Structure formats: structure tokens, C-alpha cells
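Here's the structure, in C-alpha cells; my notes come after.
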Amino acid sequence: MSDSAESRIHNPRGPVHSGLGDQINLIFEAFGKDRQGRGPRRLAEDQLLWLWQRFVHPSGFGEARHMLPETSTVLLDGAPGSGRTSAARVLLHELRRDVGSFHELLPDEEGESLLDPDLVGDEDRLLLDLAAADEPRWTEVLEELPSFRKTVLDHRAHLVVVLPSRRTDRLPVELDRHRVEIYRPRGMEVLLRHLRQDGLPQADQVRSAPAVSDFLDTPRPMREIAEFAGLIVRAQAAARAEDSFIDWCEIARAAMADRGPQVAKHVAAMTGGPQRALLLTTAMLHGAHADAVHSATTLLLHAVDHPKDDRPLLEHADLAMRLEEVSAGLTQHGAVRFKELEYDAAVRTHFWDHRPDLREHLGTWVGRAVELTDPVLSPDDRHHVVRRLSDQYLRTGRCEELASLAERWTTVPTTARRLRAAAQALERGVVDERHGRSFRDKIYDWSRNDRLGEPLAQVLVEVCAEVIAVQHPDQALVRLHHLARRERRTTRARDALCRLMQEDHRLRRRMLHRLVNSPTTWSADIDLFLKTSDPAALTYLGGRARSLLDETVIRDQLIAGWGTVFDRLPLSAWEKHVRHWLHTACSDEHHTDPILDVLVSGAAGRGEVFGALYATARRAELTAPGGREHGSALTDLLLRKISTAQGIRQQPPRHNPEEPTS
């Protein structure tokens with residue numbers, strides 16, 4: 001089954017920039033609608049919900065559904081095309097809770113295991129998709145899986161593994177008992193479910209449509225059936241009043257046929273470059289207003305250095321006649337469309353495959369076309385033309401060339417529209433099933449480039465925070481961390497990191513691990529530590545049995561981190577952060593002692609730091625939650641802990657001079 005969720009990058013509006021230089025903000029939208037404050041975690045759940053609504057239970061799914069809550073692990077087996085990955089996602093979606101998150105386990109670029117225990121958070125739902133894994137990767141996972149399962153159990157999490165399609169070794173007995181084989185559901189039921197979810201009231205007539213029977217006579221992958229359903233819906237939307245449901249199905253079936261010979265014959269019959277330019281532009285801007293198609297056709301002719309038509313203007317054929325020559329026409333709203341469904345896709349494929357000399361020119365042309373202003377070209381038109389070009393690169397496996405094109409669009413001087421185009425191209429690559437990993441790898445390499453251009457860095461921050469973070473939050477965190485280390489005039493990457501951690505308890509733990517367990521000389525890491533160690537987040541339970549601060553490993557990391565802060569920063573740089581910790585200790589009695597213990601241990605016996613801590617606590621009493629008296633009591637407790645750390649006999653608590661003494 002396919003997943004139609006996508007991220008959208010729209011108008012250049014955003015936060016205020018107070019630094020030097022230009023700022024061009026990119027706003028991402030999910031599912032083509034306003035995000036309405038939804039973060040990556042919520043978007044991931046929305047994608048799972050979309051899939052669940054269209055999912056038909058395959059044979060064996062009930063057994064897996066019963067097993068997963070009991071054993072916390074299911075290993076899904078089955079033939080390619082049976083819907084194993086979709087079944088795995090639906091199984092995990094049905095276990096959704098207020099605590100924990102869904103995420104996919106992926107190999108890490110920095111030497112960590114695919115089954116790193118730190119990838120597991122309390123009550124998380126984990127997918128390990130090994131359907132395409134080779135033998136070495138499968139052998140590696142097989143060795144680590146038993147111990148990883150223990151981590152899953154300890155965190156009350158759940159794990160679904162999609163087994164490799166080809167494997168030679170049999171599963172060990174202790175793992176084989178978690179294996180469930182599933183079989184592809186009936187294609188007719190899958191098609192019906194999609195049509196009903198897409199709101200087609202005549203869906204039940206599908207059983208009697210000859211085109212449907214013809215299509216389903218051959219066993220189809222779930223993805224193709226979903227595509228066929230989408231074409232039926234589109235055929236209905238564009239149909240004439242006299243067309244029936246049977247006609248819609250015939251049109252959809254024809255749209256799935258190979259139209260290559262038909263398009264080749266059509267192009268061969270054209271005598272001039274302007275006619276072919278109009279055909280290609282119509283395919284690339286299919287559905288755009290006629291004015292946009294006209295202007296973009298002129299741009300395309302210019303991009304390929306076609307001679308200008310010197311005839312008097314009134315001797316030129318009008319647009320309606322020219323569109324008729326390329327089998328297109330105008331809707332009542334002035335939009336340009338081909339007369340046959342999906343003919344635009346066939347035209348794009350023909351020009352890309354049979355005119356390789358045009359490919360580079362097409363990249364240049366799209367970069368110029370997105371600059372066409374409203375209302376000539378709408379934001380949706382810009383999005384579609386970038387997507388259609390990107391899909392040709394991806395269809396033919398030209399990932400590096402698409403990444404280079406996106407980078408070229410960010411080269412100074414650039415514009416907001418061109419940056420949005422670059423981000424949309426990278427987003428298309430990142431979410432591609434076959435090539436997504438290649439694009440995430442490319443973004444990882446870019447993020448570690450010390451000479452990365454600021455416009456490209458801005459695009460990468462948005463792609464990481466709003467696209468990669470939806471399905472692969474751990475990889476988004478790694479890339480944003482590298483970008484944050486290298487940014488100079490802005491704090492976009494740092495801010496994006498903070499937003500990402502705010503949504504996920506586990507990601508804050510991983511960030512602390514990165515900052516403390518692998519110390520570096522990056523000055524940004526100290527600032528990131530201070531942001532990551534927000535005491536409000538560290539003490540927040542959020543439905544969990546214990547907070548991060550209650551974990552021994554986390555407290556040790558915080559102590560080490562504060563030690564670095566006290567070593568490398570002056571009092572003026574850390575005082576406000578310590579004040580925040582002290583105020584949290586005042587308002588959260590359960591965590592008062594561990595908060596103070598972390599600060600005192602972080603000082604590591606240095607008298608000057610102890611003195612600065614005590615002075616900061618005294619100044620913080622004035623604004624302490626609960627009033628000055630409450631703050632004074634906390635300062636006394638801090639002093640006693642400092643004295644103990646220094647081996648000094650504890651002093652009695654201070655008395656308020658206004659209180660009577662005995």
C-alpha cells in the first residue's frame with residue numbers, strides 16, 4: 001500500500017532574523033495543508049493513520065496482532081508484494097499510547113549499531129525493515145537481536161521486524177516462535193478499501209467493471225492497486241456528465257498502459273521546436289493556468305537557445321490552436337490539461353528518456369520557471385513542476401545529479417522561490433522508497449562540510465527538521481547537530497534541535513549522550529548542552545514511570561556536562577542557566593536533591609566555582625518560586641551540600657534577622 005503523505009515547502013514567511021545578512025525562511029506544510037502546529041511526531045502518526053484507514057488485513061495479521069502485545073516482538077515473513085511493511089506499520093499504529101513514539105531503526109553513520117539500545121525509549125514502537133537486507137546485514141542483526149529484545153522488554157516497548165525476502169539461515173528457535181507469515185490480501189478488497197476511503201460513492205460497482213477484472217487478473221503489488229484506485233478517482237473527477245463508473249475504470253486502466261509508442265509517434269509528427277516546447281511545458285506544468293504555460297514555454301525555448309520567431313505577432317497561431325495540436329485544451333477555469341488521463345506523465349518520460357541532451361537544460365529552466373510571479377504561477381504550480389522534474393531524476397536513479405541541481409539552486413545570488421525549489425527537490429529524494437537513504441547520506445555529508453554555503457545550510461535545516469524527522473528522527477538529530485556546530489550568523493539548526501527534543505523524551509537522552517560521551521572542542525556543543533539540559537524537561541514525567549533526571553546514567557552525563565561548562569565558560573555565561581536550575585529545584589520538591597547534587601558534583605571540588613554557585617543562589621532568592629523564604633531555604637541546602645563536598649562540617653541553617661531568636 002502506498003503512503004500519500006508528503007511535506008510541502010511554501011511561502012517565505014517566518015521568524016524574525018536579528019543577525020547580519022539576508023534571511024529567507026522556508027515554511028513546510030504536511031499533507032498539502034496547514035500544519036496547525038503539528039510537529040514531526042504528530043505527522044508520523046498522521047501518516048500511520050492514513051495507512052491504517054486503507055489497510056486490508058492479510059491472512060496471518062490476526063496472529064501477529066495477538067502476539068505483539070504479549071511478547072513485545074513480531075517477526076513478519078512473507079512474499080514480496082504481500083504488504084509486509086504496511087502490516088508492520090499498522091501493527092505498531094494500533095499500539096499507540098500517550099507515552100513513546102513510532103520510529104524506524106536505521107544504520108547510524110557514526111559507528112553505532114543498527115540495534116543500539118539508546119534507540120529505544122519508554123513504550124516506543126519500533127520498526128526494523130529488513131525486506132531488502134543483504135546477507136551480511138541480516139547476519140549482523142541476527143546476532144544482536146536477542147539482546148536487543150531484552151532492551152525492548154525493559155522499556156515496555158514493541159518491535160516489529162520485517163524479515164529479509166532472501167535468507168539462507170533458519171531462525172534460531174528462540175526467535176522463530178515470534179515469526180508470523182502473512183499472505184497478500186485479495187486485490188479486490190484492497191481496491192475497494194481505497195475507493196471507499198477516497199469518498200467514491202459508486203465504489204461497490206467495481207466488482208462488475210471489466211477493466212478492473214482485467215487489471216486484477218495478474219497478481220499486483222499493493223502499491224499498484226493503490227495507484228489504480230487513485231486513477232479511478234481522478235478519472236471520476238475529470239469525467240463528462242454522461243460517463244459511468246465503468247467508463248472511469250476503463251480510463252484508469254488505459255492510463256496504466258504503456259503510452260510510450262503513442263507519445264513517440266506524436267512527437268515525431270511535430271515539425272517545429274515551439275510545438276515540442278509547448279508539449280513538454282504542458283506536461284511539466286499540467287493543470288497550471290494558460291498564462292503560466294505560455295510564459296514557461298517561452299522560457300524553455302530561451303533555455304535551449306531556440307531561434308526567436310521573427311514573424312509579426314498577429315501571424316502567430318493563438319494558444320488554443322497550439323494546444324489543440326499537442327492534444328491539450330483549456331478547462332473552464334483556464335487551466336491547461338491533456339485530453340487523456342496520465343498523458344502528461346508519458347510525455348515527461350518520453351522527453352527524459354529519449355532526449356538526454358535536454359536534461360541539464362530542464363534543470364536550468366525549472367530554476368527560472370519557479371521565479372514566475374503570482375498569479376502567473378501559483379505556489380502549487382511551483383511545487384508540482386519541481387516534483388515532476390525530481391521524479392524523473394529518481395525514476396532513472398540519478399540521485400547525485402538531483403542533489404547537485406538542488407545545490408545549484410541555492411548558489412548565491414538566490415531567491416526564496418529557488419530555495420524552496422531546492423528544498424522540495426531534496427524532500428522528494430528523502431521520502432523516495434528506493435533512494436531515500438542516498439539522499440539522507442548526502443545531507444549527512446553536507447552537514448559536516450565546514451564550508452557549506454548559508455543558503456544551502458538553511459535548506460538542510462528545514463529538510464532535516466520537517467521531513468527526515470517525521471520517519472527518522474534520530475538521523476535528523478545527527479544532521480542538525482552537525483549543522484548547529486557550524487552555523488555562525490544564525491541559530492536555525494540549534495533552534496530546530498531544541499524543537500525536536502521537546503517532542504521526544506528519548507531524543508533528549510540521545511543528544512546528551514552525543515554531547516557528553518564524545519566531547520569535542522566545538523563551542524556550539526556547550527551552548528547545546530545548556531539547551532538540552534533544560535531542568536523542566538529533565539524532570540518532566542509525561543506519563544512515564546520516571547523522569548530523565550531519575551536515571552543514573554543521565555545524572556552522570558549532566559555532571560560531566562556541567563563540569564565542562566564551569567571549566568570553559570565565565571560566570572556571566574552560565575549564571576542564568578544555574579538560576580533556572582535552582583528555581584526548578586524550588587518548585588519541584590521531588591527533584592530538589594538531584595538537581596543540587598548535579599550542580600555541586602559538576603563543580604568537582606573547585607572552590608571558586610562553589611563560591612560562584614552560592615552567590616548565584618543568593619541572588620536567585622529574590623525571584624524564587626514560592627517567595628524569598630523558599631529560595632533562602634534552598635540556598636541553605638546548597639551550602640550544606642557544598643560543605644559536604646569540601647569535607648567541611650555542616651553549618652546550622654541561617655536565620656532571618658527579623659525572626660526572634662531564643
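Scheme for the C-alpha cells: letters A, B, ... for chains in order shown; per-chain residue numbers from 1; ligand numbers from 1 in order shown.
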Next on the checklist: Could you list, as a ChimeraX atom specification, every residue within 8 Å of region 383-397 of chain A, counting only C-alpha atoms and ignoring same-chain residues fewer than 5 positions away?
Outcome noted: /A:8-9,284-285,348-349,352,362-363,366,402,421,424-425,428-429,432,435
Closest-contact table, region 486-581 of chain A side, partner region 115-139 of chain A, 12 Å, counting only C-alpha atoms, as CSV:
residue,atom,partner,partner_atom,distance
A:Asp504,CA,A:Gly121,CA,9.0
A:His505,CA,A:Gly121,CA,7.5
A:Arg506,CA,A:Gly121,CA,5.2
A:Leu507,CA,A:Leu119,CA,8.6
A:Arg508,CA,A:Gly121,CA,10.5
A:Arg509,CA,A:Asp118,CA,8.1
A:Arg510,CA,A:Asp118,CA,6.8
A:Met511,CA,A:Asp118,CA,10.5
A:Leu512,CA,A:Asp118,CA,11.2
A:His513,CA,A:Asp118,CA,8.9
A:Arg514,CA,A:Asp118,CA,10.9
A:Leu541,CA,A:Asp122,CA,11.2
A:Gly542,CA,A:Asp122,CA,10.9
A:Gly543,CA,A:Asp122,CA,10.1
A:Arg544,CA,A:Asp122,CA,7.3
A:Ala545,CA,A:Asp122,CA,8.9
A:Arg546,CA,A:Asp122,CA,9.8
A:Ser547,CA,A:Asp122,CA,10.6
A:Leu548,CA,A:Asp122,CA,10.9
A:Val553,CA,A:Asp118,CA,11.5
A:Ile554,CA,A:Asp118,CA,12.0
Print the selection's residues with N, CA, C and O atoms to a file, as a PDB file, in the first residue's frame.
ATOM      1  N   ASP A 504      10.278  14.719  22.045  1.00  0.00           N
ATOM      2  CA  ASP A 504      10.627  13.314  22.258  1.00  0.00           C
ATOM      3  C   ASP A 504      11.638  13.176  23.397  1.00  0.00           C
ATOM      4  O   ASP A 504      12.782  13.616  23.301  1.00  0.00           O
ATOM      5  N   HIS A 505      11.177  12.557  24.474  1.00  0.00           N
ATOM      6  CA  HIS A 505      11.976  12.272  25.659  1.00  0.00           C
ATOM      7  C   HIS A 505      13.279  11.549  25.287  1.00  0.00           C
ATOM      8  O   HIS A 505      14.357  11.870  25.779  1.00  0.00           O
ATOM      9  N   ARG A 506      13.157  10.561  24.385  1.00  0.00           N
ATOM     10  CA  ARG A 506      14.301   9.733  24.029  1.00  0.00           C
ATOM     11  C   ARG A 506      15.362  10.515  23.268  1.00  0.00           C
ATOM     12  O   ARG A 506      16.563  10.295  23.448  1.00  0.00           O
ATOM     13  N   LEU A 507      14.940  11.447  22.414  1.00  0.00           N
ATOM     14  CA  LEU A 507      15.904  12.218  21.635  1.00  0.00           C
ATOM     15  C   LEU A 507      16.736  13.138  22.516  1.00  0.00           C
ATOM     16  O   LEU A 507      17.905  13.394  22.227  1.00  0.00           O
ATOM     17  N   ARG A 508      16.140  13.628  23.597  1.00  0.00           N
ATOM     18  CA  ARG A 508      16.932  14.438  24.531  1.00  0.00           C
ATOM     19  C   ARG A 508      18.017  13.573  25.172  1.00  0.00           C
ATOM     20  O   ARG A 508      19.160  14.018  25.355  1.00  0.00           O
ATOM     21  N   ARG A 509      17.658  12.347  25.490  1.00  0.00           N
ATOM     22  CA  ARG A 509      18.655  11.431  26.058  1.00  0.00           C
ATOM     23  C   ARG A 509      19.785  11.194  25.058  1.00  0.00           C
ATOM     24  O   ARG A 509      20.968  11.209  25.410  1.00  0.00           O
ATOM     25  N   ARG A 510      19.436  10.972  23.795  1.00  0.00           N
ATOM     26  CA  ARG A 510      20.464  10.726  22.781  1.00  0.00           C
ATOM     27  C   ARG A 510      21.343  11.949  22.561  1.00  0.00           C
ATOM     28  O   ARG A 510      22.543  11.834  22.322  1.00  0.00           O
ATOM     29  N   MET A 511      20.745  13.128  22.645  1.00  0.00           N
ATOM     30  CA  MET A 511      21.534  14.338  22.453  1.00  0.00           C
ATOM     31  C   MET A 511      22.533  14.518  23.592  1.00  0.00           C
ATOM     32  O   MET A 511      23.694  14.892  23.367  1.00  0.00           O
ATOM     33  N   LEU A 512      22.090  14.263  24.795  1.00  0.00           N
ATOM     34  CA  LEU A 512      23.018  14.328  25.933  1.00  0.00           C
ATOM     35  C   LEU A 512      24.171  13.340  25.742  1.00  0.00           C
ATOM     36  O   LEU A 512      25.333  13.651  26.028  1.00  0.00           O
ATOM     37  N   HIS A 513      23.832  12.151  25.271  1.00  0.00           N
ATOM     38  CA  HIS A 513      24.856  11.136  25.039  1.00  0.00           C
ATOM     39  C   HIS A 513      25.880  11.639  24.017  1.00  0.00           C
ATOM     40  O   HIS A 513      27.096  11.490  24.200  1.00  0.00           O
ATOM     41  N   ARG A 514      25.413  12.257  22.935  1.00  0.00           N
ATOM     42  CA  ARG A 514      26.315  12.771  21.901  1.00  0.00           C
ATOM     43  C   ARG A 514      27.202  13.883  22.445  1.00  0.00           C
ATOM     44  O   ARG A 514      28.391  13.967  22.122  1.00  0.00           O
ATOM     45  N   LEU A 541       7.709  14.108  33.827  1.00  0.00           N
ATOM     46  CA  LEU A 541       7.382  12.689  33.729  1.00  0.00           C
ATOM     47  C   LEU A 541       6.652  12.374  32.425  1.00  0.00           C
ATOM     48  O   LEU A 541       6.969  11.406  31.742  1.00  0.00           O
ATOM     49  N   GLY A 542       5.642  13.152  32.094  1.00  0.00           N
ATOM     50  CA  GLY A 542       4.903  12.930  30.857  1.00  0.00           C
ATOM     51  C   GLY A 542       4.295  11.554  30.753  1.00  0.00           C
ATOM     52  O   GLY A 542       4.267  10.956  29.676  1.00  0.00           O
ATOM     53  N   GLY A 543       3.781  11.031  31.864  1.00  0.00           N
ATOM     54  CA  GLY A 543       3.149   9.721  31.848  1.00  0.00           C
ATOM     55  C   GLY A 543       4.112   8.566  32.037  1.00  0.00           C
ATOM     56  O   GLY A 543       3.697   7.409  32.108  1.00  0.00           O
ATOM     57  N   ARG A 544       5.406   8.843  32.126  1.00  0.00           N
ATOM     58  CA  ARG A 544       6.390   7.779  32.309  1.00  0.00           C
ATOM     59  C   ARG A 544       6.571   7.463  33.788  1.00  0.00           C
ATOM     60  O   ARG A 544       6.191   8.236  34.658  1.00  0.00           O
ATOM     61  N   ALA A 545       7.200   6.325  34.029  1.00  0.00           N
ATOM     62  CA  ALA A 545       7.414   5.907  35.414  1.00  0.00           C
ATOM     63  C   ALA A 545       8.461   6.768  36.101  1.00  0.00           C
ATOM     64  O   ALA A 545       8.417   6.963  37.314  1.00  0.00           O
ATOM     65  N   ARG A 546       9.403   7.287  35.343  1.00  0.00           N
ATOM     66  CA  ARG A 546      10.446   8.128  35.927  1.00  0.00           C
ATOM     67  C   ARG A 546      10.907   9.158  34.909  1.00  0.00           C
ATOM     68  O   ARG A 546      10.778   8.967  33.700  1.00  0.00           O
ATOM     69  N   SER A 547      11.453  10.243  35.422  1.00  0.00           N
ATOM     70  CA  SER A 547      11.945  11.314  34.566  1.00  0.00           C
ATOM     71  C   SER A 547      13.371  11.001  34.120  1.00  0.00           C
ATOM     72  O   SER A 547      14.023  10.080  34.635  1.00  0.00           O
ATOM     73  N   LEU A 548      13.879  11.788  33.192  1.00  0.00           N
ATOM     74  CA  LEU A 548      15.265  11.611  32.764  1.00  0.00           C
ATOM     75  C   LEU A 548      16.229  11.834  33.921  1.00  0.00           C
ATOM     76  O   LEU A 548      17.228  11.117  34.061  1.00  0.00           O
ATOM     77  N   VAL A 553      22.431   7.156  34.641  1.00  0.00           N
ATOM     78  CA  VAL A 553      23.302   7.483  33.509  1.00  0.00           C
ATOM     79  C   VAL A 553      23.135   8.945  33.117  1.00  0.00           C
ATOM     80  O   VAL A 553      24.120   9.651  32.839  1.00  0.00           O
ATOM     81  N   ILE A 554      21.901   9.424  33.119  1.00  0.00           N
ATOM     82  CA  ILE A 554      21.645  10.818  32.749  1.00  0.00           C
ATOM     83  C   ILE A 554      22.278  11.762  33.769  1.00  0.00           C
ATOM     84  O   ILE A 554      22.895  12.776  33.403  1.00  0.00           O
TER      85      ILE A 554
END
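Restricting the calculation to only C-alpha atoms, the smallest distance between Leu426 (chain A) and any of A:Leu191, A:Ile225, A:Leu377, A:Val459 is found for A:Val459.
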Against region 154-159 of chain A, which residues of region 40-82 of chain A fall within 8 Å? For each one I want the closest pair of atoms and the distance in Å (one decimal), counting only C-alpha atoms, rows by chain and increasing residue number, as CSV.
residue,atom,partner,partner_atom,distance
A:Leu68,CA,A:His158,CA,7.1
A:Pro69,CA,A:His158,CA,7.6
A:Ser72,CA,A:His158,CA,4.5
A:Thr73,CA,A:Leu159,CA,4.8
A:Val74,CA,A:Leu159,CA,6.6
Grab the residues selected above and save them as a PDB file, in the first residue's frame with N, CA, C and O atoms.
ATOM      1  N   LEU A  68       1.942  -9.505  19.380  1.00  0.00           N
ATOM      2  CA  LEU A  68       2.778  -8.338  19.665  1.00  0.00           C
ATOM      3  C   LEU A  68       2.601  -7.796  21.085  1.00  0.00           C
ATOM      4  O   LEU A  68       3.602  -7.557  21.778  1.00  0.00           O
ATOM      5  N   PRO A  69       1.380  -7.586  21.584  1.00  0.00           N
ATOM      6  CA  PRO A  69       1.252  -7.072  22.956  1.00  0.00           C
ATOM      7  C   PRO A  69       1.771  -8.060  24.003  1.00  0.00           C
ATOM      8  O   PRO A  69       2.237  -7.654  25.067  1.00  0.00           O
ATOM      9  N   SER A  72       5.980  -8.502  22.884  1.00  0.00           N
ATOM     10  CA  SER A  72       6.684  -7.264  22.521  1.00  0.00           C
ATOM     11  C   SER A  72       7.471  -7.364  21.225  1.00  0.00           C
ATOM     12  O   SER A  72       8.097  -6.395  20.804  1.00  0.00           O
ATOM     13  N   THR A  73       7.455  -8.527  20.574  1.00  0.00           N
ATOM     14  CA  THR A  73       8.214  -8.688  19.328  1.00  0.00           C
ATOM     15  C   THR A  73       7.448  -9.557  18.349  1.00  0.00           C
ATOM     16  O   THR A  73       6.891 -10.588  18.732  1.00  0.00           O
ATOM     17  N   VAL A  74       7.438  -9.138  17.087  1.00  0.00           N
ATOM     18  CA  VAL A  74       6.889  -9.949  15.996  1.00  0.00           C
ATOM     19  C   VAL A  74       7.859  -9.864  14.828  1.00  0.00           C
ATOM     20  O   VAL A  74       8.345  -8.779  14.488  1.00  0.00           O
TER      21      VAL A  74
END
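In this comparison, which uses only C-alpha atoms, the residue of A:Glu181, A:Asp77, A:Glu401, A:Asp169 approaching Gly60 (chain A) most closely is A:Glu181.
Among the candidate residues A:Glu140, A:Asp441, A:Glu427, A:Glu45, the one lying nearest to His93 (chain A) is A:Glu45, with distances computed using only C-alpha atoms.
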Checklist entry - Counting only C-alpha atoms, which of A:Glu189, A:Glu589, A:Asp445, A:Glu143 gets nearest to Gly626 (chain A)? => result A:Glu589
Checklist entry - Which residues in region 9-211 of chain A does DSSP call strand (DSSP E or B)? List them as a list in words. => result Ile9, Phe28, Glu29, Ala30, Lys33, Ser59, Thr73, Val74, Leu75, Leu76, Asp77, Phe102, His103, Glu104, Arg125, Leu126, Leu127, Leu128, Asp129, His158, Leu159, Val160, Val161, Val162, Arg179, Val180, Glu181 and Tyr183 of chain A
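For the set A:Glu466, A:Arg420, A:Pro519, A:Leu216, the residue with the smallest atom-to-atom gap to Pro379 (chain A) is A:Arg420, counting only C-alpha atoms.
Shortest separation to Thr218 (chain A) among A:Ala235, A:Ala604, A:Ala573, A:Met188 occurs at residue A:Met188, atoms counted being only C-alpha atoms.
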Checklist entry - So which residues touch Gln502 (chain A) within 10 Å, counting only C-alpha atoms, skipping near sequence neighbours fewer than 5 positions away, as JSON, numbers by chain? => result {"A": [39, 496, 497, 507, 508, 532, 534, 537]}
Next on the checklist: I'd like the contact shell of Pro40 (chain A) - 8 Å cut-off, only C-alpha atoms, skipping same-chain residues fewer than 5 positions apart - returned as a PyMOL selection string.
Outcome noted: chain A and resi 465-467+469-471+500
Next on the checklist: With DSSP run on the backbone, what are the helix (DSSP H, G or I) residues within region 433-475 of chain A? I'd like them as an MDAnalysis selection string.
Outcome noted: chainID A and resid 436:447 454:471 473:475
Find the residues near Lys531 (chain A): any atom within 10 Å, counting only C-alpha atoms, skip ones fewer than 2 places away on the same chain, and give them as a PDB file with N, CA and C atoms, in the first residue's frame.
ATOM      1  N   ARG A 494      20.266  25.045  15.756  1.00  0.00           N
ATOM      2  CA  ARG A 494      20.124  24.856  17.205  1.00  0.00           C
ATOM      3  C   ARG A 494      18.671  24.928  17.632  1.00  0.00           C
ATOM      4  N   ASP A 495      17.946  25.890  17.093  1.00  0.00           N
ATOM      5  CA  ASP A 495      16.537  26.026  17.445  1.00  0.00           C
ATOM      6  C   ASP A 495      15.740  24.811  16.984  1.00  0.00           C
ATOM      7  N   LEU A 497      16.910  21.783  16.610  1.00  0.00           N
ATOM      8  CA  LEU A 497      17.264  20.691  17.522  1.00  0.00           C
ATOM      9  C   LEU A 497      16.440  20.753  18.803  1.00  0.00           C
ATOM     10  N   CYS A 498      16.300  21.942  19.347  1.00  0.00           N
ATOM     11  CA  CYS A 498      15.539  22.096  20.592  1.00  0.00           C
ATOM     12  C   CYS A 498      14.079  21.715  20.394  1.00  0.00           C
ATOM     13  N   MET A 501      13.871  17.880  20.244  1.00  0.00           N
ATOM     14  CA  MET A 501      14.000  17.241  21.558  1.00  0.00           C
ATOM     15  C   MET A 501      12.781  17.489  22.438  1.00  0.00           C
ATOM     16  N   ASP A 525      28.768  23.115  21.110  1.00  0.00           N
ATOM     17  CA  ASP A 525      28.327  21.982  21.931  1.00  0.00           C
ATOM     18  C   ASP A 525      28.022  22.401  23.362  1.00  0.00           C
ATOM     19  N   ILE A 526      28.742  23.398  23.886  1.00  0.00           N
ATOM     20  CA  ILE A 526      28.456  23.851  25.246  1.00  0.00           C
ATOM     21  C   ILE A 526      27.093  24.521  25.292  1.00  0.00           C
ATOM     22  N   ASP A 527      26.830  25.364  24.318  1.00  0.00           N
ATOM     23  CA  ASP A 527      25.516  26.008  24.263  1.00  0.00           C
ATOM     24  C   ASP A 527      24.419  24.976  24.076  1.00  0.00           C
ATOM     25  N   LEU A 528      24.689  23.975  23.237  1.00  0.00           N
ATOM     26  CA  LEU A 528      23.700  22.922  23.026  1.00  0.00           C
ATOM     27  C   LEU A 528      23.466  22.122  24.296  1.00  0.00           C
ATOM     28  N   PHE A 529      24.531  21.894  25.084  1.00  0.00           N
ATOM     29  CA  PHE A 529      24.351  21.202  26.355  1.00  0.00           C
ATOM     30  C   PHE A 529      23.427  21.995  27.280  1.00  0.00           C
ATOM     31  N   SER A 533      19.955  20.455  28.507  1.00  0.00           N
ATOM     32  CA  SER A 533      19.781  20.145  29.931  1.00  0.00           C
ATOM     33  C   SER A 533      18.787  21.089  30.593  1.00  0.00           C
ATOM     34  N   ASP A 534      17.736  21.416  29.899  1.00  0.00           N
ATOM     35  CA  ASP A 534      16.653  22.220  30.477  1.00  0.00           C
ATOM     36  C   ASP A 534      16.041  21.439  31.638  1.00  0.00           C
ATOM     37  N   PRO A 535      16.113  21.950  32.862  1.00  0.00           N
ATOM     38  CA  PRO A 535      15.647  21.154  34.017  1.00  0.00           C
ATOM     39  C   PRO A 535      14.158  20.856  33.971  1.00  0.00           C
ATOM     40  N   HIS A 577      21.465  30.088  33.533  1.00  0.00           N
ATOM     41  CA  HIS A 577      21.085  28.678  33.441  1.00  0.00           C
ATOM     42  C   HIS A 577      21.061  28.033  34.831  1.00  0.00           C
TER      43      HIS A 577
END
